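Single-structure report; data block below.
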Amino acid sequence: MFNLVMTNRPVTSLARYAALLIALALSAAVLIMQARDINWGIWLIRDVGGPWRGDWHFPTESLFALAAGAAVLFTITGIGLTIIHFLSPRRRIFAPIETLVLSPLIGAVPVSLLALAVGLAGLASRANMRALLVFLFVSSAAGWGLWFHRRRPGPKRTISSLQLFSIVLILIVFALAIPYALSPVVQSDALRYHVAAPAEWLRDGRIHYLPHQAFSNFPFLGEMLFMLAMAAGGYEAAQVVHFGMLPVSMSLIFLLALRWMRWSGIRKSPGHALAAAAAFAASPSVAILAGWAFIDLFVVAYFLAFTLVGAASLARPGRRRCVILGFMIAGALSVKYTMLALIGLLGLIWFALNLKSSIVNRQSSIARALLAGLLGLALASPWYLRNAAWTGNPVYPLAIKHFDGGDWTAAEEKFYMEKAGEKGFKISSWPRPIAAPVEFLASPYQATFRPDLFENHILGPLPLIALLVALAGSLSLRTQHSGLRTQWFLYLVLVISWVFWFATYQSSRMLFPTIAILLAWAAVACAGWERAGTAAMLAIRAVAGAAILLSLALYVTFMLMPNGRGSSNADALATALGFQKRDVYLAHTLPYWQSAHWLSRHAAPGEKALLIGEYRPLYFDLPIVVSDFFDTPQPVPWFRRAPTNDAMLDLLLANNVRYIFYNRYELNQYYKMYFVPRLQPGQIRRFEALLPTGNETRADLRLVPIDSHGTPPNDMILYRIR
């Protein structure tokens, strides 16, 4: 089967160079089109240093966040090193550098499960989580010691010009990205659940079900690590932990490219592999999003690790490698629901290719596959069992047609799917059987030049140019027969992950795993062209270098560009480095922060607040009643429990809800389109009669305004119930 598609038969020089010329011409066109979109005048703006003009103060919050996040990363790496040593105390499973890179992903699995168990046992207070982190930190030192003891120094090598270029590029990216990761948490998904849910659990001292916050039920491996870091270093420490997955992902791209070169029968080129890793970091949205407390870089890291370990176990089967693969499967399934389908499909492909092995018999192949799959499912199962116990649905809030329980209804499911379906490039005038394949083939171009269709995450020119160069450069490769199964696996991983993205949630950030593998493939193709002659080598390097530098220019522009309408990334950098007060930045960036801050200072212990029109719980340091943007909006759940508004307010008081925060500014953004259609006619009338306008203080009012702010005036009002 393989020989029909991949053979050792050489491609004619004319065909190879024709493909190269076409790829280079298209790449040049992409560069020109992308360069036109840059506002080069940004470098002439004189007030770019505005946020830096304040009085400098020592950034204590940033220092604590950096230390706590680094402690978590050190801990999971050390525990991962211990596990690998336990699996093979005398014989190395992977090279030392590969062992080090895979270790944090291995260690994160048991550490997150331990944090989950402690939280479910009602011991998730800040003090307990700090004690757990200290214990794990000390315990992880043994793994580091074992790794240093077994590591053998390699021969000294000179640094090539390509490697030096890549190192300088990485340093530039990290010089802005690290302070950005230390800035206050202000991104929507982090404010809604990635950081908000762990913050609520830390405040309550236990992990419990959060009503009407369905996304807090997602598999939460990353968020457990966030919770450990937040207990010691504040909310920003969660961003440091997520940022730590960027160097892990870059290292995996580097290692995958080197192994791919070997499997392709060409001489390894560390320079090209390192350039691919640097190119990933320089992609504008990658480094920016790495500094957010999201889980996207966890997804990239586990997906790359699954690909690397899976391919390595095909090239050289072994039981211990399959155990490591099981940890990667567990991590992927513990980070994101959609990995169930994607990793499941790729796992079946890996199993089928494993059966083709001529090195071991079929029975051993089946045993290895079962070992990897069952171990992965067993280690990932606690997240799904937790959801089943809470809601009766192991994948809550998905698949509600097959499970009952929880607050998520068919109306919420429809609303969420409609919003997800709005993303991506659509040809509405064509029949779907014709439009879908065209949309799929056009998606690399559309994602590059129409980021507004894909959640406005800027990819830059690199992914599209990498695809062109990789396709042309693959003609220069001479795959050995022994590497065909591994090559098939890698190509199928690339294509299937792209198809899976197209068929599900078309956000540019969801493409990061595919882009990472694509860049590794492009590095292999470029290394293959090194043998084709000086002219071809220089042409490819020129185009690739220009693409990387253009991406870097886009990234630096986005990081330093001032924003006349609100806080910018430059403000975030200034805040992290002590040139702007944290409270000033939050007040300027988050309109609701002022009321959250007031409540945190004035509410009595145990008093709660109901949020209406506001779906971001973070920074409310008292118990709150809130709905996520996609859940049943507040106060509809209370309308269903009480026949009148007065009865509802009495019910709120009985549940110790003493305050109502009404974010009219936020609600107005989606009131007619998303809020009103989800209410019954009677509920709409009740809602409009519930809240007094302005700052009325009549004696007959049950809701007394006690604080208001916003632009225009009174867009955010805080009421006390009496």
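Residue numbering restarts at 1 for every chain of the structure tokens, chains are lettered A, B, ... in their displayed order, and ligands are numbered from 1 as they appear.
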
Within 9 Å of range 437-454 of chain A, counting only C-alpha atoms, which residues qualify if same-chain residues fewer than 4 places away don't, as a ChimeraX atom specification? /A:33-34,37,422-427,432-433,458-464,467,498-499,502,506-509

Those same residues - C-alpha atoms - I'd like them written as an mmCIF file, in the first residue's frame.
data_model
loop_
_atom_site.group_PDB
_atom_site.id
_atom_site.type_symbol
_atom_site.label_atom_id
_atom_site.label_comp_id
_atom_site.auth_asym_id
_atom_site.auth_seq_id
_atom_site.Cartn_x
_atom_site.Cartn_y
_atom_site.Cartn_z
ATOM 1 C CA MET A 33 0.043 41.047 0.612
ATOM 2 C CA GLN A 34 0.727 40.584 4.321
ATOM 3 C CA ASP A 37 -1.655 45.124 6.130
ATOM 4 C CA GLU A 422 -20.638 31.884 12.726
ATOM 5 C CA LYS A 423 -16.867 31.445 12.573
ATOM 6 C CA GLY A 424 -14.945 30.599 9.443
ATOM 7 C CA PHE A 425 -15.144 31.338 5.737
ATOM 8 C CA LYS A 426 -18.565 30.427 4.296
ATOM 9 C CA ILE A 427 -19.821 30.337 0.692
ATOM 10 C CA ARG A 432 -22.934 22.549 0.899
ATOM 11 C CA PRO A 433 -21.555 19.452 -0.897
ATOM 12 C CA ILE A 458 -3.394 36.919 13.669
ATOM 13 C CA LEU A 459 -1.337 34.050 12.252
ATOM 14 C CA GLY A 460 0.936 36.092 10.011
ATOM 15 C CA PRO A 461 2.383 34.771 6.730
ATOM 16 C CA LEU A 462 4.375 31.863 8.195
ATOM 17 C CA PRO A 463 1.794 29.025 8.172
ATOM 18 C CA LEU A 464 0.787 29.598 4.551
ATOM 19 C CA LEU A 467 2.722 24.902 3.623
ATOM 20 C CA TRP A 498 -6.570 20.259 9.861
ATOM 21 C CA VAL A 499 -9.802 18.539 8.759
ATOM 22 C CA PHE A 502 -12.364 22.738 9.840
ATOM 23 C CA GLN A 506 -12.850 27.382 13.393
ATOM 24 C CA SER A 507 -10.784 29.711 15.523
ATOM 25 C CA SER A 508 -7.238 30.515 14.440
ATOM 26 C CA ARG A 509 -5.890 29.597 17.869
#

Close residues, Gly405 in chain A itself excluded, 12 Å, only C-alpha atoms, min 3 positions apart in chain, as a PyMOL selection string: chain A and resi 211+214+387-402+408-410

Requested write-out: N, CA and C atoms of the selected residues, as a PDB file, in the first residue's frame:
ATOM      1  N   PRO A 211     -23.058  26.206  39.500  1.00  0.00           N
ATOM      2  CA  PRO A 211     -24.282  26.281  38.688  1.00  0.00           C
ATOM      3  C   PRO A 211     -24.180  27.355  37.609  1.00  0.00           C
ATOM      4  N   ALA A 214     -21.212  26.310  32.890  1.00  0.00           N
ATOM      5  CA  ALA A 214     -20.995  24.983  32.314  1.00  0.00           C
ATOM      6  C   ALA A 214     -19.543  24.758  31.894  1.00  0.00           C
ATOM      7  N   ASN A 387     -17.591  14.743  36.277  1.00  0.00           N
ATOM      8  CA  ASN A 387     -18.741  15.360  35.618  1.00  0.00           C
ATOM      9  C   ASN A 387     -19.963  14.457  35.665  1.00  0.00           C
ATOM     10  N   ALA A 388     -19.737  13.144  35.519  1.00  0.00           N
ATOM     11  CA  ALA A 388     -20.861  12.210  35.590  1.00  0.00           C
ATOM     12  C   ALA A 388     -21.494  12.233  36.979  1.00  0.00           C
ATOM     13  N   ALA A 389     -20.655  12.338  38.009  1.00  0.00           N
ATOM     14  CA  ALA A 389     -21.182  12.388  39.380  1.00  0.00           C
ATOM     15  C   ALA A 389     -21.940  13.686  39.635  1.00  0.00           C
ATOM     16  N   TRP A 390     -21.461  14.796  39.066  1.00  0.00           N
ATOM     17  CA  TRP A 390     -22.096  16.094  39.303  1.00  0.00           C
ATOM     18  C   TRP A 390     -23.368  16.281  38.486  1.00  0.00           C
ATOM     19  N   THR A 391     -23.346  15.845  37.230  1.00  0.00           N
ATOM     20  CA  THR A 391     -24.430  16.184  36.304  1.00  0.00           C
ATOM     21  C   THR A 391     -25.072  14.981  35.634  1.00  0.00           C
ATOM     22  N   GLY A 392     -24.482  13.794  35.774  1.00  0.00           N
ATOM     23  CA  GLY A 392     -24.966  12.637  35.037  1.00  0.00           C
ATOM     24  C   GLY A 392     -24.454  12.586  33.616  1.00  0.00           C
ATOM     25  N   ASN A 393     -23.606  13.532  33.236  1.00  0.00           N
ATOM     26  CA  ASN A 393     -23.076  13.627  31.871  1.00  0.00           C
ATOM     27  C   ASN A 393     -21.559  13.691  31.943  1.00  0.00           C
ATOM     28  N   PRO A 394     -20.840  12.648  31.505  1.00  0.00           N
ATOM     29  CA  PRO A 394     -19.373  12.670  31.611  1.00  0.00           C
ATOM     30  C   PRO A 394     -18.708  13.728  30.751  1.00  0.00           C
ATOM     31  N   VAL A 395     -19.397  14.194  29.710  1.00  0.00           N
ATOM     32  CA  VAL A 395     -18.815  15.221  28.837  1.00  0.00           C
ATOM     33  C   VAL A 395     -19.639  16.503  28.904  1.00  0.00           C
ATOM     34  N   TYR A 396     -20.202  16.779  30.051  1.00  0.00           N
ATOM     35  CA  TYR A 396     -21.000  17.991  30.248  1.00  0.00           C
ATOM     36  C   TYR A 396     -20.174  19.228  29.897  1.00  0.00           C
ATOM     37  N   PRO A 397     -20.722  20.178  29.116  1.00  0.00           N
ATOM     38  CA  PRO A 397     -22.104  20.294  28.663  1.00  0.00           C
ATOM     39  C   PRO A 397     -22.348  19.761  27.245  1.00  0.00           C
ATOM     40  N   LEU A 398     -21.459  18.951  26.700  1.00  0.00           N
ATOM     41  CA  LEU A 398     -21.664  18.398  25.376  1.00  0.00           C
ATOM     42  C   LEU A 398     -22.605  17.197  25.448  1.00  0.00           C
ATOM     43  N   ALA A 399     -23.066  16.760  24.269  1.00  0.00           N
ATOM     44  CA  ALA A 399     -23.863  15.536  24.123  1.00  0.00           C
ATOM     45  C   ALA A 399     -25.071  15.509  25.049  1.00  0.00           C
ATOM     46  N   ILE A 400     -25.743  16.644  25.206  1.00  0.00           N
ATOM     47  CA  ILE A 400     -26.880  16.673  26.129  1.00  0.00           C
ATOM     48  C   ILE A 400     -28.065  15.863  25.603  1.00  0.00           C
ATOM     49  N   LYS A 401     -28.060  15.551  24.310  1.00  0.00           N
ATOM     50  CA  LYS A 401     -29.142  14.730  23.773  1.00  0.00           C
ATOM     51  C   LYS A 401     -29.089  13.302  24.312  1.00  0.00           C
ATOM     52  N   HIS A 402     -27.927  12.910  24.795  1.00  0.00           N
ATOM     53  CA  HIS A 402     -27.753  11.537  25.265  1.00  0.00           C
ATOM     54  C   HIS A 402     -27.674  11.438  26.784  1.00  0.00           C
ATOM     55  N   TRP A 408     -27.390  23.001  31.791  1.00  0.00           N
ATOM     56  CA  TRP A 408     -27.302  23.250  30.352  1.00  0.00           C
ATOM     57  C   TRP A 408     -28.514  22.630  29.663  1.00  0.00           C
ATOM     58  N   THR A 409     -29.210  23.418  28.868  1.00  0.00           N
ATOM     59  CA  THR A 409     -30.425  22.952  28.208  1.00  0.00           C
ATOM     60  C   THR A 409     -30.243  22.930  26.701  1.00  0.00           C
ATOM     61  N   ALA A 410     -31.250  22.433  26.012  1.00  0.00           N
ATOM     62  CA  ALA A 410     -31.207  22.402  24.550  1.00  0.00           C
ATOM     63  C   ALA A 410     -31.118  23.813  23.970  1.00  0.00           C
TER      64      ALA A 410
END

12 Å contact set for range 642-644 of chain A, only C-alpha atoms, chain neighbours under 3 positions out, as a VMD selection string: chain A and resid 635 to 639 647 to 652 682 to 683 685 to 687 689 to 690

Residues near Gly233 in chain A, cut-off 9 Å, only C-alpha atoms, skip fewer than 4 positions along chain, as a VMD selection string: chain A and resid 61 to 69 228 to 229 237 to 238

From a DSSP calculation on the backbone, collect every residue of range 504-578 of chain A in alpha helix (DSSP H) and output the set as a ChimeraX atom specification. /A:512-529,534-560,569-576

Could you pull the residues within 12 Å of Ile178 in chain A, counting only C-alpha atoms, minus those fewer than 6 positions along the same chain, as an mmCIF file with N, CA and C atoms, in the first residue's frame?
data_model
loop_
_atom_site.group_PDB
_atom_site.id
_atom_site.type_symbol
_atom_site.label_atom_id
_atom_site.label_comp_id
_atom_site.auth_asym_id
_atom_site.auth_seq_id
_atom_site.Cartn_x
_atom_site.Cartn_y
_atom_site.Cartn_z
ATOM 1 N N SER A 62 4.288 40.832 40.187
ATOM 2 C CA SER A 62 4.925 40.126 39.066
ATOM 3 C C SER A 62 5.981 39.153 39.565
ATOM 4 N N LEU A 63 6.736 39.570 40.559
ATOM 5 C CA LEU A 63 7.791 38.712 41.092
ATOM 6 C C LEU A 63 7.203 37.461 41.737
ATOM 7 N N ALA A 65 4.253 36.135 41.112
ATOM 8 C CA ALA A 65 3.641 35.321 40.059
ATOM 9 C C ALA A 65 4.694 34.513 39.311
ATOM 10 N N LEU A 66 5.808 35.161 38.990
ATOM 11 C CA LEU A 66 6.882 34.464 38.284
ATOM 12 C C LEU A 66 7.438 33.324 39.123
ATOM 13 N N GLY A 69 4.666 30.474 39.416
ATOM 14 C CA GLY A 69 4.519 29.750 38.155
ATOM 15 C C GLY A 69 5.732 28.892 37.853
ATOM 16 N N ALA A 70 6.941 29.451 38.093
ATOM 17 C CA ALA A 70 8.163 28.682 37.869
ATOM 18 C C ALA A 70 8.235 27.478 38.805
ATOM 19 N N ILE A 170 14.213 34.250 19.107
ATOM 20 C CA ILE A 170 13.521 33.750 20.297
ATOM 21 C C ILE A 170 13.707 34.706 21.469
ATOM 22 N N LEU A 171 14.906 35.239 21.634
ATOM 23 C CA LEU A 171 15.166 36.173 22.739
ATOM 24 C C LEU A 171 14.328 37.439 22.592
ATOM 25 N N ILE A 172 14.176 37.931 21.358
ATOM 26 C CA ILE A 172 13.357 39.123 21.131
ATOM 27 C C ILE A 172 11.901 38.844 21.500
ATOM 28 N N GLU A 236 -1.969 36.088 38.278
ATOM 29 C CA GLU A 236 -1.001 36.154 37.185
ATOM 30 C C GLU A 236 -0.131 34.907 37.114
ATOM 31 N N ALA A 237 0.020 34.187 38.218
ATOM 32 C CA ALA A 237 0.836 32.976 38.210
ATOM 33 C C ALA A 237 0.267 31.929 37.262
ATOM 34 N N GLN A 239 -0.964 32.536 34.372
ATOM 35 C CA GLN A 239 -0.456 32.876 33.041
ATOM 36 C C GLN A 239 0.982 32.407 32.866
ATOM 37 N N VAL A 240 1.766 32.448 33.926
ATOM 38 C CA VAL A 240 3.151 31.973 33.850
ATOM 39 C C VAL A 240 3.175 30.472 33.570
ATOM 40 N N VAL A 241 2.278 29.725 34.218
ATOM 41 C CA VAL A 241 2.220 28.282 33.978
ATOM 42 C C VAL A 241 1.865 28.002 32.524
ATOM 43 N N HIS A 242 0.870 28.710 32.000
ATOM 44 C CA HIS A 242 0.503 28.499 30.593
ATOM 45 C C HIS A 242 1.641 28.905 29.669
ATOM 46 N N PHE A 243 2.311 30.009 29.982
ATOM 47 C CA PHE A 243 3.427 30.438 29.150
ATOM 48 C C PHE A 243 4.534 29.377 29.131
ATOM 49 N N GLY A 244 4.695 28.644 30.229
ATOM 50 C CA GLY A 244 5.712 27.599 30.269
ATOM 51 C C GLY A 244 5.522 26.541 29.213
ATOM 52 N N LEU A 246 4.880 27.198 26.148
ATOM 53 C CA LEU A 246 5.434 27.683 24.883
ATOM 54 C C LEU A 246 6.832 27.122 24.640
ATOM 55 N N PRO A 247 7.808 27.272 25.564
ATOM 56 C CA PRO A 247 9.107 26.640 25.311
ATOM 57 C C PRO A 247 9.024 25.126 25.189
ATOM 58 N N ALA A 287 2.724 33.807 20.668
ATOM 59 C CA ALA A 287 3.397 34.320 21.862
ATOM 60 C C ALA A 287 2.462 35.175 22.714
ATOM 61 N N ILE A 288 1.545 35.885 22.062
ATOM 62 C CA ILE A 288 0.595 36.704 22.821
ATOM 63 C C ILE A 288 -0.351 35.811 23.612
ATOM 64 N N LEU A 289 -0.926 34.813 22.956
ATOM 65 C CA LEU A 289 -1.868 33.939 23.636
ATOM 66 C C LEU A 289 -1.177 33.068 24.676
ATOM 67 N N ALA A 290 0.118 32.799 24.505
ATOM 68 C CA ALA A 290 0.854 32.031 25.518
ATOM 69 C C ALA A 290 0.855 32.748 26.854
ATOM 70 N N GLY A 291 0.756 34.075 26.841
ATOM 71 C CA GLY A 291 0.727 34.854 28.069
ATOM 72 C C GLY A 291 -0.649 34.994 28.680
ATOM 73 N N TRP A 292 -1.651 34.326 28.112
ATOM 74 C CA TRP A 292 -2.994 34.319 28.689
ATOM 75 C C TRP A 292 -3.184 33.034 29.494
ATOM 76 N N MET A 559 2.328 44.231 20.216
ATOM 77 C CA MET A 559 2.706 44.344 21.618
ATOM 78 C C MET A 559 2.912 45.789 22.051
ATOM 79 N N ALA A 572 -0.233 46.694 29.439
ATOM 80 C CA ALA A 572 -0.023 45.464 30.202
ATOM 81 C C ALA A 572 1.450 45.286 30.546
ATOM 82 N N LEU A 573 2.324 45.534 29.565
ATOM 83 C CA LEU A 573 3.762 45.424 29.818
ATOM 84 C C LEU A 573 4.201 46.421 30.886
ATOM 85 N N ALA A 576 3.088 45.222 34.335
ATOM 86 C CA ALA A 576 3.876 44.084 34.827
ATOM 87 C C ALA A 576 5.248 44.514 35.316
ATOM 88 N N LEU A 577 5.820 45.538 34.693
ATOM 89 C CA LEU A 577 7.173 45.971 35.036
ATOM 90 C C LEU A 577 7.196 47.099 36.064
#

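By only C-alpha atoms, and with residues fewer than 3 positions from Ala369 in chain A along its chain excluded, the set lying at most 8 Å from it is A:Cys322, A:Phe351, A:Ser365, A:Ile366, A:Ala372, A:Gly373.
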
Residues near Met537 in chain A, cut-off 12 Å, only C-alpha atoms, skip fewer than 3 positions along chain, as a ChimeraX atom specification: /A:17,20,24,272,469,473,476,525-534,540-545

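Minimum distance to Phe415 in chain A across A:His194, A:Lys268, A:Arg678, A:His597 (counting only C-alpha atoms) occurs at A:Arg678.
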
With distances taken over only C-alpha atoms, which residue among A:Phe306, A:Trp144, A:Phe579, A:Trp263 lies nearest Pro59 in chain A? A:Phe579

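Distances here use only C-alpha atoms; by that measure, the residue among A:Pro219, A:Pro284, A:Pro605, A:Gly613 closest to Phe512 in chain A is A:Pro284.
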